[in-house]
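I have placed the structure first, in the form of C-alpha cells, so that the comments after it can refer back to it.
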Amino acid sequence: MSISRTVLKTVKALETAEGDGAKVRRSIGSMNLHRLDPFLILDHFDLEPGSGFPDHPHRGQATVTYMLDGSVQHEDSAGHKGTIGPGDLQWMIAGKGMPVHGPGLPNPTGLQLWIDLPKADKMTQPSYQELLASQIPTAYPQGAQGPTEIKVISGTSFGVTSPVRHLGGCWYLDVKFNQVNPGSKAEFFQDIPQGWTAFLYTLEGKINVINTPVDTYHTIVLSSESDQTGVLLSSDEPARAVLIAGAPLNQPVFQYGPFVMNTKEEIMATLRDYDGQRNGFEKSKTWKSSIARR
C-alpha cells in the first residue's frame, strides 16, 4: 500500500553572496534550516562572468554538483580536472582531504549539495563519480510520451537505477512536469526508502505534495513516519524540482568551514593535518589551481 509523506516544513531559499562574487540561494545550511541529517548544505548557485569560488579544502563530506545551465571548471591538487556542462554531474567523496577549486566559467547555474559521511568513512580515500547528462538514466512514470520525466541521478525511480553510489545511501532525482493539458494535472507516486530523510527543492513552476502547493525556490522537508512509503507529487503546469533522500546518520556533527567531523578533537586534528601538509593535504601550502591563476 502506498502512503505518501506530507509537508513538514517549507523554507524559502533567499539569495545571498558567496565566494568571489557568486550568488547562491541557500536553504539547508541557513538559519532557517541549519542541518537536515545527513544533509549539510544545499546551494542553488548563479555565477556571473568573473565570479566563482576560491581554492579551498574539504574533509569528511561528499559534495555533489549538478549543473542546470552553463558550464563550470573544476580542478584539484591530485591532478583531477575538467569541465561540467548542462545536466552533468560530479559526485565527489572528499574523505580524508582534498584541496579543490570550484566553478569559474561564465553564467553557470546549478546545485551543490553537501552530504555528511558516516563516521567510519570520514577518512576514506577521496574519489569522484562523474556522469555526462547523456549518461544519467531517465524514468518515465506515464511512458516516454507522458507528461513527466525523472532523471535518476542516484537511487531508483520506476525501475530505473543510477550507477552512482554514495557512502551511507542517497537518492537524487530531477523531476520534470512537461506538457500538462489545460484543465488537468499530471501526478505520480515516487517511492522513498522508509525512515530516510527526504526533501524537495523547487526550480520552476508550482508543484503539489499531495494537495499542498509549493512555489519556486523553496525547500520542502517531508515527513518520515514509519508507514510512509514515498511521496505523491503533481502539477497542473510545467514545473521542475529535485527530490533528494538520504539515510540519517544520527551522529554528532562538528563543522569548521569545509571540514566536517564528529568531534572538536577531530576538527583540531584536521587543522593540524592541513597546516602540516599530511593525510590528504600534502600540497596544501604549495598547490594553486590553474583556474585561480588566471
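By order in the C-alpha cells, chains are A, B, ...; within a chain, residues start at 1; ligands start at 1, following the order shown.
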
Write out as an MDAnalysis selection string each polymer residue whose atoms come within 7 Å of region 220-223 of chain A, counting only C-alpha atoms; drop sequence neighbours fewer than 6 positions from it.
chainID A and resid 5:11 198:201

Residues within 7 Å of Gly205 (chain A), only C-alpha atoms, excluding chain neighbours under 2 positions, as JSON, numbers by chain:
{"A": [207, 215, 216, 237, 238, 239, 240]}

Per-residue nearest contacts region 31-51 of chain A to region 260-264 of chain A, cut-off 12 Å, using only C-alpha atoms, as a Markdown table:
```
| residue | atom | partner | partner_atom | distance |
| --- | --- | --- | --- | --- |
| A:Pro38 | CA | A:Val260 | CA | 11.6 |
| A:Phe39 | CA | A:Val260 | CA | 11.5 |
| A:Leu40 | CA | A:Val260 | CA | 9.2 |
| A:Ile41 | CA | A:Val260 | CA | 11.5 |
```

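One distance worth recording is that between CA of Thr197 (chain A) and CA of Ile244 (chain A), which is 8.4 Å.
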
I'd like the neighbourhood of Asn208 (chain A) as a VMD selection string, where a residue qualifies if any of its atoms comes within 6 Å (using only C-alpha atoms), though same-chain residues fewer than 6 positions away should be ignored.
chain A and resid 233 to 235

Quick one: write out the picked residues with N, CA and C atoms as a JSON list (two decimals), in the first residue's frame?
```
[["chain", "number", "residue", "atom", "x", "y", "z"],
["A", 233, "LEU", "N", 3.39, 13.43, -5.92],
["A", 233, "LEU", "CA", 3.67, 14.73, -6.49],
["A", 233, "LEU", "C", 2.76, 14.98, -7.69],
["A", 234, "SER", "N", 2.35, 16.24, -7.87],
["A", 234, "SER", "CA", 1.50, 16.58, -9.02],
["A", 234, "SER", "C", 1.71, 18.03, -9.40],
["A", 235, "SER", "N", 1.28, 18.38, -10.62],
["A", 235, "SER", "CA", 1.31, 19.76, -11.07],
["A", 235, "SER", "C", 0.33, 19.91, -12.23]]
```

Extract, using only C-alpha atoms, all DNA, RNA and protein residues at most 10 Å from Gln61 (chain A), discarding same-chain residues fewer than 4 positions from it, and format them as a PyMOL selection string.
chain A and resi 38-40+92-97+114-118+121-123+126+167+258-261

Residues from the last selection, C-alpha atoms, saved as a PDB file, in the first residue's frame:
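Written file, again.pdb:
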```
ATOM      1  CA  PRO A  38      22.627  13.684   6.631  1.00  0.00           C
ATOM      2  CA  PHE A  39      22.481  16.869   4.518  1.00  0.00           C
ATOM      3  CA  LEU A  40      24.671  19.827   5.480  1.00  0.00           C
ATOM      4  CA  MET A  92      32.926  13.900  -5.022  1.00  0.00           C
ATOM      5  CA  ILE A  93      33.715  11.974  -1.856  1.00  0.00           C
ATOM      6  CA  ALA A  94      36.188  14.271  -0.102  1.00  0.00           C
ATOM      7  CA  GLY A  95      37.077  11.661   2.502  1.00  0.00           C
ATOM      8  CA  LYS A  96      40.267  12.430   4.397  1.00  0.00           C
ATOM      9  CA  GLY A  97      41.052  15.558   2.437  1.00  0.00           C
ATOM     10  CA  TRP A 114      26.988  18.690   0.861  1.00  0.00           C
ATOM     11  CA  ILE A 115      26.297  15.312   2.454  1.00  0.00           C
ATOM     12  CA  ASP A 116      27.818  14.170   5.731  1.00  0.00           C
ATOM     13  CA  LEU A 117      29.770  10.918   5.589  1.00  0.00           C
ATOM     14  CA  PRO A 118      29.357   8.088   8.129  1.00  0.00           C
ATOM     15  CA  ASP A 121      34.118   6.692   6.142  1.00  0.00           C
ATOM     16  CA  LYS A 122      35.380  10.117   7.218  1.00  0.00           C
ATOM     17  CA  MET A 123      38.995   9.223   6.400  1.00  0.00           C
ATOM     18  CA  PRO A 126      38.905  10.731  -1.978  1.00  0.00           C
ATOM     19  CA  LEU A 167      28.634   6.063   1.120  1.00  0.00           C
ATOM     20  CA  PRO A 258      34.674  22.829   4.683  1.00  0.00           C
ATOM     21  CA  PHE A 259      35.840  20.393   7.389  1.00  0.00           C
ATOM     22  CA  VAL A 260      33.073  18.154   8.772  1.00  0.00           C
ATOM     23  CA  MET A 261      33.932  15.707  11.540  1.00  0.00           C
TER      24      MET A 261
END
```
